[in-house]
Amino acid sequence: MARCYRNPYTRPSVNQEQRTFLQQSIRTIADYPRPGIQFRDITTLLRDARAFALTIESLVTPWIGAGVDKVAGIEARGFILGGAVAHHLKAGFIPIRKRGKLPHETVRVAYSLEYGVDEMEMHRDAVQQGEKVLLLDDLIATGGTATAAAQLLNSAGARVMAACFVIDLPDLGGAARLHAAGIEVQSLLKF
């Protein structure tokens, strides 16, 4: 039976040693993309086969047997993680991209950023009414992008089971924002 995490701050089953290993696999880049930002770069985790395997296993385990139909990955690192998770769950994959990147008929949603407004979209035929979808990305910060992606999926008739991330930056409130919108949150690490 799949374990479900109803508390937005509950982590899947990674022990302290594994959590430390994964944290050490992530590079921090100071002042990127602008001064004062501590950018958490998962490309170092992805290049380490053991860290990447542990990450995918930890993201997948709570959802085995839960009837996930599709995994939606947010551009771009969410594609890498989401594709691997979808494969393990024997589910389909949905790319959620910035406007103008998908070749077929799309549906889109606008969302606010710190510096303006952006839009993301997915193919109109990406989900069927009532399909159970996991939303994946590498990191949850303020939650604007993930909340918009969940709204996009819901508007197309999907049932978003949870939003899953490698990293949560709890001081920025994104996980709490998703939880307040009724979306379960799974994260492996907090910085």
# chains A, B, ... in the order shown; residues from 1 in each chain; ligands from 1
$ residues_around --residues "segment 146-160 of chain A" --least-positions-apart "3" --cutoff "7 Å" --atoms "only C-alpha atoms" --output "number ranges by chain"
A: 108-109, 111, 127-134, 143, 178
$ write_last_selection --atoms "C-alpha atoms" --output "PDB file, in the first residue's frame"
ATOM      1  CA  ARG A 108      -2.055  27.870 -20.618  1.00  0.00           C
ATOM      2  CA  VAL A 109      -2.088  29.755 -17.381  1.00  0.00           C
ATOM      3  CA  TYR A 111       1.245  33.455 -13.130  1.00  0.00           C
ATOM      4  CA  VAL A 127      -4.638  14.552 -19.533  1.00  0.00           C
ATOM      5  CA  GLN A 128      -8.050  12.954 -19.468  1.00  0.00           C
ATOM      6  CA  GLN A 129     -10.760  13.957 -17.009  1.00  0.00           C
ATOM      7  CA  GLY A 130     -10.059  12.492 -13.550  1.00  0.00           C
ATOM      8  CA  GLU A 131      -6.546  11.215 -14.236  1.00  0.00           C
ATOM      9  CA  LYS A 132      -4.317  11.167 -11.168  1.00  0.00           C
ATOM     10  CA  VAL A 133      -1.187  13.263 -11.668  1.00  0.00           C
ATOM     11  CA  LEU A 134       1.974  13.890  -9.655  1.00  0.00           C
ATOM     12  CA  GLY A 143       5.451  28.308  -5.000  1.00  0.00           C
ATOM     13  CA  LEU A 178       0.629  24.789  -2.069  1.00  0.00           C
TER      14      LEU A 178
END
$ closest_residue --among "A:Ala86, A:Ala76, A:Leu81, A:Leu169" --to "Lys98 of chain A" --atoms "only C-alpha atoms"
A:Ala76
$ select_by_dssp --residues "chain A" --states "strand (DSSP E or B)" --output "ChimeraX atom specification"
/A:27-30,38-41,70-74,92-98,106-113,116-123,132-140,159-168,185-190
$ atom_distance --atom1 "atom CA of Glu105 of chain A" --atom2 "atom CA of Glu119 of chain A"
15.0 Å
$ atom_distance --atom1 "atom CA of Ala51 of chain A" --atom2 "atom CA of Gly92 of chain A"
23.9 Å
